file final-v2.cif (mmCIF, C-alpha atoms)
data_run
loop_
_atom_site.label_atom_id
_atom_site.label_comp_id
_atom_site.auth_asym_id
_atom_site.auth_seq_id
_atom_site.Cartn_x
_atom_site.Cartn_y
_atom_site.Cartn_z
CA SER A 1 215.53 88.88 91.83
CA LYS A 2 214.05 92.29 91.64
CA HIS A 3 212.63 91.39 88.27
CA ILE A 4 211.13 88.19 89.64
CA THR A 5 209.55 90.10 92.52
CA THR A 6 207.93 92.47 90.05
CA ILE A 7 206.50 89.58 88.02
CA VAL A 8 205.13 87.88 91.16
CA SER A 9 203.53 91.11 92.35
CA SER A 10 201.98 91.61 88.92
CA LEU A 11 200.55 88.10 88.89
CA ALA A 12 199.26 88.48 92.45
CA GLY A 13 197.57 91.73 91.49
CA ARG A 14 195.93 90.15 88.47
CA ALA A 15 194.76 87.21 90.60
CA LEU A 16 193.34 89.55 93.22
CA ALA A 17 191.56 91.61 90.55
CA SER A 18 190.18 88.46 88.99
CA SER A 19 188.95 87.16 92.35
CA ARG A 20 187.30 90.51 93.08
CA ALA A 21 185.58 90.43 89.71
CA SER A 22 184.34 86.92 90.40
CA VAL A 23 183.04 87.89 93.80
CA SER A 24 181.42 90.97 92.31
CA SER A 25 179.83 88.86 89.61
CA ILE A 26 178.54 86.38 92.16
CA LEU A 27 177.24 89.05 94.52
CA PHE A 28 175.64 91.36 92.00
CA HIS A 29 175.23 89.63 88.70
CA GLY A 30 174.13 86.39 90.34
CA ALA A 31 171.72 88.20 92.71
CA ARG A 32 170.06 90.25 90.02
CA PRO A 33 168.19 87.32 88.52
CA ARG A 34 167.00 86.38 91.99
CA ILE A 35 165.87 89.93 92.70
CA ALA A 36 164.24 90.12 89.28
CA HIS A 37 162.62 86.77 89.92
CA VAL A 38 161.28 87.93 93.25
CA ALA A 39 160.03 91.13 91.70
CA THR A 40 158.43 89.19 88.89
CA TYR A 41 156.75 86.80 91.36
CA ARG A 42 155.46 89.67 93.38
CA SER A 43 154.12 91.42 90.33
CA VAL A 44 152.41 88.24 89.18
CA THR A 45 150.98 87.70 92.65
CA LEU A 46 149.76 91.28 92.86
CA GLY A 47 148.41 91.02 89.34
CA HIS A 48 146.54 87.85 90.24
CA ASN A 49 145.09 89.47 93.33
CA PHE A 50 144.13 92.53 91.31
CA ARG A 51 142.47 90.34 88.71
CA CYS A 52 140.55 88.57 91.46
CA MET A 53 139.39 91.88 92.87
CA THR A 54 138.33 93.19 89.48
CA THR A 55 136.43 90.02 88.60
CA GLU A 56 134.90 89.10 91.97
CA ALA A 57 134.01 92.52 93.37
CA PRO A 58 131.31 93.31 90.78
CA LYS A 59 129.69 89.96 91.49
CA GLN A 60 129.37 90.88 95.16
CA GLU A 61 127.89 94.25 94.19
CA GLU A 62 125.42 92.59 91.85
CA VAL A 63 124.30 90.24 94.60
CA GLY A 64 123.85 93.19 96.90
CA LYS A 65 121.71 95.01 94.32
CA GLU A 66 119.29 92.12 93.82
CA GLU A 67 115.92 93.02 95.33
CA VAL A 68 114.65 90.30 97.62
CA PRO A 69 110.84 90.47 97.88
CA SER A 70 109.51 91.11 101.34
CA GLU A 71 107.17 88.73 103.13
CA GLU A 72 104.25 91.07 102.49
CA GLU A 73 104.99 91.17 98.75
CA ILE A 74 105.16 87.38 98.58
CA ARG A 75 101.84 87.10 100.41
CA LYS A 76 100.16 89.55 98.05
CA LYS A 77 101.41 87.63 95.01
CA ILE A 78 100.07 84.37 96.41
CA LEU A 79 96.70 85.96 97.20
CA ALA A 80 96.47 87.50 93.73
CA SER A 81 97.09 84.10 92.13
CA ALA A 82 94.81 82.31 94.57
CA SER A 83 91.89 84.62 93.73
CA LYS A 84 91.80 83.03 90.27
CA TYR A 85 90.87 79.69 91.81
CA VAL A 86 88.12 80.93 94.13
CA LEU A 87 85.27 80.16 91.73
CA GLN A 88 86.43 76.55 91.45
CA TRP A 89 87.77 75.82 94.93
CA GLY A 90 86.10 78.51 97.01
CA TRP A 91 87.61 80.41 99.92
CA THR A 92 89.78 77.50 100.97
CA THR A 93 93.38 76.48 101.61
CA GLU A 94 93.27 74.67 98.27
CA SER A 95 92.99 78.01 96.50
CA LEU A 96 95.88 79.36 98.56
CA SER A 97 98.01 76.31 97.74
CA LEU A 98 97.33 76.65 94.03
CA GLY A 99 98.18 80.33 94.20
CA ALA A 100 101.48 79.54 95.92
CA ARG A 101 102.26 76.93 93.26
CA ASP A 102 101.69 79.49 90.51
CA GLU A 103 104.28 81.72 92.19
CA GLY A 104 106.85 78.93 92.17
CA LEU A 105 106.47 78.12 95.86
CA SER A 106 105.57 74.95 97.68
CA ALA A 107 101.91 74.10 97.99
CA TYR A 108 102.45 74.18 101.75
CA ALA A 109 103.17 77.91 101.50
CA HIS A 110 99.53 78.44 102.47
CA GLY A 111 100.91 78.16 106.00
CA ARG A 112 102.10 81.75 105.60
CA PHE A 113 98.49 82.76 106.20
CA GLN A 114 97.96 82.00 109.86
CA ARG A 115 94.35 83.23 109.81
CA GLY A 116 93.51 80.94 106.92
CA PRO A 117 91.19 81.60 103.95
CA ILE A 118 89.69 84.69 105.59
CA GLU A 119 92.83 86.52 104.45
CA LEU A 120 91.94 85.62 100.86
CA VAL A 121 88.43 86.96 101.49
CA GLU A 122 89.79 90.25 102.80
CA TYR A 123 92.24 90.57 99.92
CA VAL A 124 89.52 90.15 97.28
CA GLN A 125 87.22 92.58 99.09
CA ASP A 126 89.97 95.19 99.32
CA GLN A 127 90.74 94.83 95.62
CA LEU A 128 87.08 95.17 94.68
CA HIS A 129 86.77 98.20 96.94
CA GLU A 130 89.68 99.98 95.28
CA GLU A 131 88.34 99.24 91.79
CA TRP A 132 84.88 100.48 92.75
CA LEU A 133 86.26 103.63 94.39
CA LYS A 134 88.05 104.66 91.19
CA GLU A 135 84.94 104.00 89.12
CA VAL A 136 82.41 105.69 91.40
CA ARG A 137 84.53 108.82 91.76
CA ALA A 138 84.53 109.17 87.99
CA MET A 139 80.73 108.95 87.91
CA GLU A 140 78.67 112.14 88.05
CA ILE A 141 76.50 110.93 90.92
CA MET A 142 76.13 114.37 92.50
CA GLN A 143 74.08 115.52 89.51
CA GLU A 144 71.19 113.48 90.89
CA ALA A 145 68.95 115.73 92.95
CA ASP A 146 67.58 112.94 95.13
CA GLU A 147 69.98 111.93 97.91
CA ALA A 148 68.50 108.43 98.22
CA THR A 149 69.04 107.87 94.49
CA ARG A 150 72.67 108.95 94.74
CA LEU A 151 73.35 106.63 97.65
CA ALA A 152 71.52 103.74 95.97
CA LYS A 153 73.56 104.09 92.78
CA ALA A 154 76.83 104.21 94.68
CA ILE A 155 75.97 101.08 96.69
CA HIS A 156 74.62 99.25 93.65
CA THR A 157 77.82 99.97 91.71
CA ARG A 158 79.81 98.50 94.61
CA LEU A 159 77.67 95.37 94.75
CA LEU A 160 78.07 94.82 91.01
CA LYS A 161 81.82 94.48 91.57
CA GLN A 162 81.29 91.25 93.48
CA ALA A 163 78.83 89.80 90.96
CA PRO A 164 81.50 87.53 89.36
CA TYR A 165 81.91 85.85 92.77
CA LEU A 166 78.19 85.51 93.43
CA THR A 167 78.17 81.71 93.48
CA VAL A 168 80.77 81.62 96.26
CA TRP A 169 79.66 84.77 98.09
CA PRO A 170 77.49 82.88 100.62
CA ASP A 171 80.62 81.05 101.80
CA LEU A 172 82.35 84.41 102.14
CA LEU A 173 79.53 85.74 104.33
CA ALA A 174 79.65 82.57 106.40
CA LEU A 175 83.37 83.04 107.03
CA GLN A 176 82.84 86.67 108.01
CA ALA A 177 80.06 85.70 110.41
CA GLN A 178 82.46 83.66 112.53
CA PRO A 179 83.26 85.47 115.80
CA PHE A 180 87.01 85.79 115.21
CA ASN A 181 86.40 87.30 111.74
CA ALA A 182 83.50 89.62 112.58
CA ALA A 183 85.70 92.56 113.59
CA GLY A 184 87.44 92.67 110.21
CA ALA A 185 84.10 92.31 108.38
CA LEU A 186 82.55 95.21 110.28
CA GLN A 187 85.64 97.32 109.69
CA ARG A 188 85.38 96.83 105.93
CA LEU A 189 81.65 97.49 105.99
CA ALA A 190 82.27 100.75 107.83
CA LYS A 191 84.95 101.67 105.29
CA THR A 192 82.52 101.05 102.42
CA ALA A 193 79.76 103.05 104.10
CA ASP A 194 82.17 105.92 104.67
CA SER A 195 83.24 105.90 101.01
CA VAL A 196 79.62 105.80 99.80
CA CYS A 197 78.72 108.84 101.90
CA GLU A 198 81.87 110.62 100.80
CA VAL A 199 81.00 110.42 97.10
CA ALA A 200 77.18 110.54 97.26
CA SER A 201 76.29 112.53 100.39
CA PRO A 202 79.22 114.60 101.58
CA ALA A 203 78.91 116.22 104.99
CA LEU A 204 81.18 117.66 107.65
CA PRO A 205 82.04 115.53 110.70
CA THR A 206 80.47 118.26 112.84
CA ASP A 207 77.10 117.49 111.29
CA LEU A 208 75.03 115.02 113.31
CA ALA A 209 73.93 113.38 110.07
CA TYR A 210 77.56 112.54 109.30
CA TYR A 211 77.55 109.51 111.62
CA SER A 212 73.89 108.55 111.43
CA LYS A 213 74.01 108.34 107.63
CA ARG A 214 77.05 106.09 107.74
CA THR A 215 75.27 103.73 110.11
CA LEU A 216 72.22 103.82 107.86
CA VAL A 217 74.22 103.18 104.69
CA GLY A 218 76.11 100.32 106.33
CA GLY A 219 72.86 98.66 107.37
CA VAL A 220 71.24 99.05 103.95
CA TYR A 221 74.38 97.78 102.23
CA ALA A 222 74.44 94.62 104.37
CA VAL A 223 70.77 93.92 103.70
CA ALA A 224 71.17 94.48 99.95
CA GLU A 225 74.27 92.26 99.85
CA VAL A 226 72.27 89.29 101.12
CA HIS A 227 69.28 90.17 98.91
CA MET A 228 71.52 90.20 95.84
CA LEU A 229 72.26 86.50 96.31
CA THR A 230 68.67 85.67 95.29
CA ASP A 231 68.25 88.45 92.72
CA TYR A 232 67.75 86.98 89.25
CA SER A 233 66.84 90.22 87.50
CA VAL A 234 68.97 91.54 84.65
CA GLY A 235 71.69 93.80 85.99
CA PHE A 236 70.39 93.15 89.53
CA THR A 237 67.82 95.90 89.10
CA ASP A 238 65.68 94.43 91.89
CA THR A 239 68.54 95.06 94.29
CA LEU A 240 68.79 98.65 93.05
CA ASP A 241 65.05 99.13 93.65
CA LEU A 242 65.40 97.69 97.15
CA LEU A 243 68.22 100.10 97.89
CA GLY A 244 66.17 103.07 96.71
CA ARG A 245 63.16 102.12 98.84
CA ARG A 246 65.11 101.37 102.01
CA LEU A 247 67.25 104.49 101.79
CA ARG A 248 64.34 106.78 100.98
CA ASP A 249 62.27 105.46 103.90
CA ALA A 250 65.21 105.59 106.29
CA LEU A 251 66.14 109.16 105.36
CA GLN A 252 62.57 110.39 105.81
CA THR A 253 61.69 108.86 109.19
CA ASP A 254 63.42 107.97 112.43
CA GLN A 255 61.50 104.69 112.45
CA GLY A 256 63.14 103.84 109.15
CA VAL A 257 66.55 104.44 110.65
CA ARG A 258 65.78 102.11 113.55
CA SER A 259 64.45 99.44 111.22
CA VAL A 260 67.57 99.63 109.02
CA ALA A 261 69.80 99.48 112.10
CA GLU A 262 68.00 96.32 113.24
CA GLY A 263 68.47 94.78 109.82
CA PHE A 264 72.15 95.70 109.94
CA CYS A 265 72.57 94.00 113.31
CA ALA A 266 70.93 90.84 111.99
CA VAL A 267 73.10 90.68 108.87
CA ALA A 268 76.25 91.58 110.82
CA GLY A 269 75.73 88.61 113.11
CA GLN A 270 74.77 90.56 116.22
CA ALA A 271 71.22 89.23 116.38
CA GLY A 272 71.74 85.53 116.99
CA GLU A 273 71.28 83.37 113.93
CA GLY A 274 70.25 86.12 111.50
CA VAL A 275 73.30 85.73 109.28
CA SER A 276 73.40 81.94 109.27
CA ALA A 277 69.70 81.64 108.43
CA GLY A 278 69.95 84.23 105.67
CA ILE A 279 73.00 82.60 104.17
CA MET A 280 71.46 79.14 104.23
CA ARG A 281 68.37 80.46 102.43
CA ALA A 282 70.63 82.11 99.86
CA VAL A 283 72.60 78.89 99.34
CA GLN A 284 69.42 76.89 98.83
CA ALA A 285 68.22 79.47 96.33
CA LEU A 286 71.48 79.32 94.43
CA LYS A 287 71.25 75.53 94.28
CA VAL A 288 67.75 75.79 92.85
CA LYS A 289 68.96 78.38 90.36
CA GLY A 290 71.83 76.10 89.28
#
call {"tool": "encode", "arguments": {"input": "final-v2.cif", "output": "structure tokens"}}
result
Amino acid sequence: SKHITTIVSSLAGRALASSRASVSSILFHGARPRIAHVATYRSVTLGHNFRCMTTEAPKQEEVGKEEVPSEEEIRKKILASASKYVLQWGWTTESLSLGARDEGLSAYAHGRFQRGPIELVEYVQDQLHEEWLKEVRAMEIMQEADEATRLAKAIHTRLLKQAPYLTVWPDLLALQAQPFNAAGALQRLAKTADSVCEVASPALPTDLAYYSKRTLVGGVYAVAEVHMLTDYSVGFTDTLDLLGRRLRDALQTDQGVRSVAEGFCAVAGQAGEGVSAGIMRAVQALKVKG
């Protein structure tokens, strides 16, 4: 019986050891694949997220680096393109629409210009002014002994810049003569007069002639601008002669200054119908010339 008890105990021990091994296998061996699976899933998920970050993040940075043109830049591009159509369509919304179309925008983009075609006028004048300023500063005008000659050459060089637009310049003057555009026109005239005096007759602001000469130059410039519309001479030499005479007379006598100032007021639209009448005469002359 003792021998039987020993055998039973041995079998029971083996059974218990076997059951423990099974449990151990189930708990650890069976769980390892699950843990490995979870780890693998997490690594794949993290890898996927990492791949998304590495592929999508640069795209967001690239979008952020793209330069979006400002409203002012878009307007300038439209005006630059529209200026090419001025000779055919004039200072009109049609020119603005064609300019917008050339920039890949809708033809209705001319609505960006709330003041209308006068903004095209001002753009072209500003561009011509900058071109002239670079050219006249490179000229050796100060070598001329006669002050009237220096001023006349500077003004004549400026007027030659607008010669390509001569056929449509009467319409430009008509637009500037309108009451709500006159302030901008006078401002640009004053800017031109100031630049002419700066390069051809420099003086300190403390000098009384500093302001009187600018008024004089502005008046002569306005008169010569209208005269140029009916000047058929080669190189507009008649306009240059007119400038020399008017400036020389005005610089020599006070009466000349008053007479130039009166002419300036008429051309600037401050003397009733002076501008309109002058422009209509110029238009009729251009028609006859054509």
call {"tool": "resolve_selection", "arguments": {"input": "final-v2.cif", "expression": "the PyMOL selection byres ((chain A and resi 111) around 12)", "output": "list of chain:residue names"}}
result
A:Arg75, A:Ile78, A:Thr93, A:Glu94, A:Leu96, A:Ser97, A:Ala100, A:Leu105, A:Ser106, A:Ala107, A:Tyr108, A:Ala109, A:His110, A:Arg112, A:Phe113, A:Gln114, A:Arg115, A:Gly116, A:Pro117, A:Glu119
call {"tool": "resolve_selection", "arguments": {"input": "final-v2.cif", "expression": "the PyMOL selection byres ((chain A and resi 217) around 12)", "output": "PyMOL selection string"}}
result
chain A and resi 147-148+150-156+189-198+200-201+209-216+218-225+243-244+246-248+250-251+256-257+260-261+263-264
call {"tool": "atom_distance", "arguments": {"input": "final-v2.cif", "atom1": "atom CA of A:Leu186", "atom2": "atom CA of A:Val226"}}
result
15.0 Å
call {"tool": "residues_around", "arguments": {"input": "final-v2.cif", "residues": "A:Trp91", "least_positions_apart": "4", "cutoff": "9 Å", "atoms": "all atoms listed in the file", "output": "ChimeraX atom specification"}}
result
/A:83,85-87,95-96,117-118,120-121,168,171-172,175
call {"tool": "atom_distance", "arguments": {"input": "final-v2.cif", "atom1": "atom CA of A:Pro170", "atom2": "atom CA of A:Leu229"}}
result
7.7 Å
call {"tool": "resolve_selection", "arguments": {"input": "final-v2.cif", "expression": "the PyMOL selection byres ((chain A and resi 139) around 12)", "output": "VMD selection string"}}
result
chain A and resid 132 to 138 140 to 144 150 153 to 154 157 199 to 200
call {"tool": "atom_distance", "arguments": {"input": "final-v2.cif", "atom1": "atom CA of A:Glu122", "atom2": "atom CA of A:Asn181"}}
result
10.0 Å
call {"tool": "closest_residue", "arguments": {"input": "final-v2.cif", "among": "A:Thr92, A:Leu166, A:Ala177, A:Asp102", "to": "A:Tyr232", "atoms": "all atoms listed in the file"}}
result
A:Leu166
call {"tool": "closest_residue", "arguments": {"input": "final-v2.cif", "among": "A:Lys76, A:Lys84, A:Asp241, A:Tyr165", "to": "A:His227", "atoms": "only C-alpha atoms"}}
result
A:Asp241
call {"tool": "closest_residue", "arguments": {"input": "final-v2.cif", "among": "A:Glu73, A:Ala82, A:Asp126, A:Thr167", "to": "A:Gln187", "atoms": "only C-alpha atoms"}}
result
A:Asp126
call {"tool": "closest_residue", "arguments": {"input": "final-v2.cif", "among": "A:Leu79, A:Asp238, A:Gln178, A:Pro69", "to": "A:Gln127", "atoms": "all atoms listed in the file"}}
result
A:Leu79
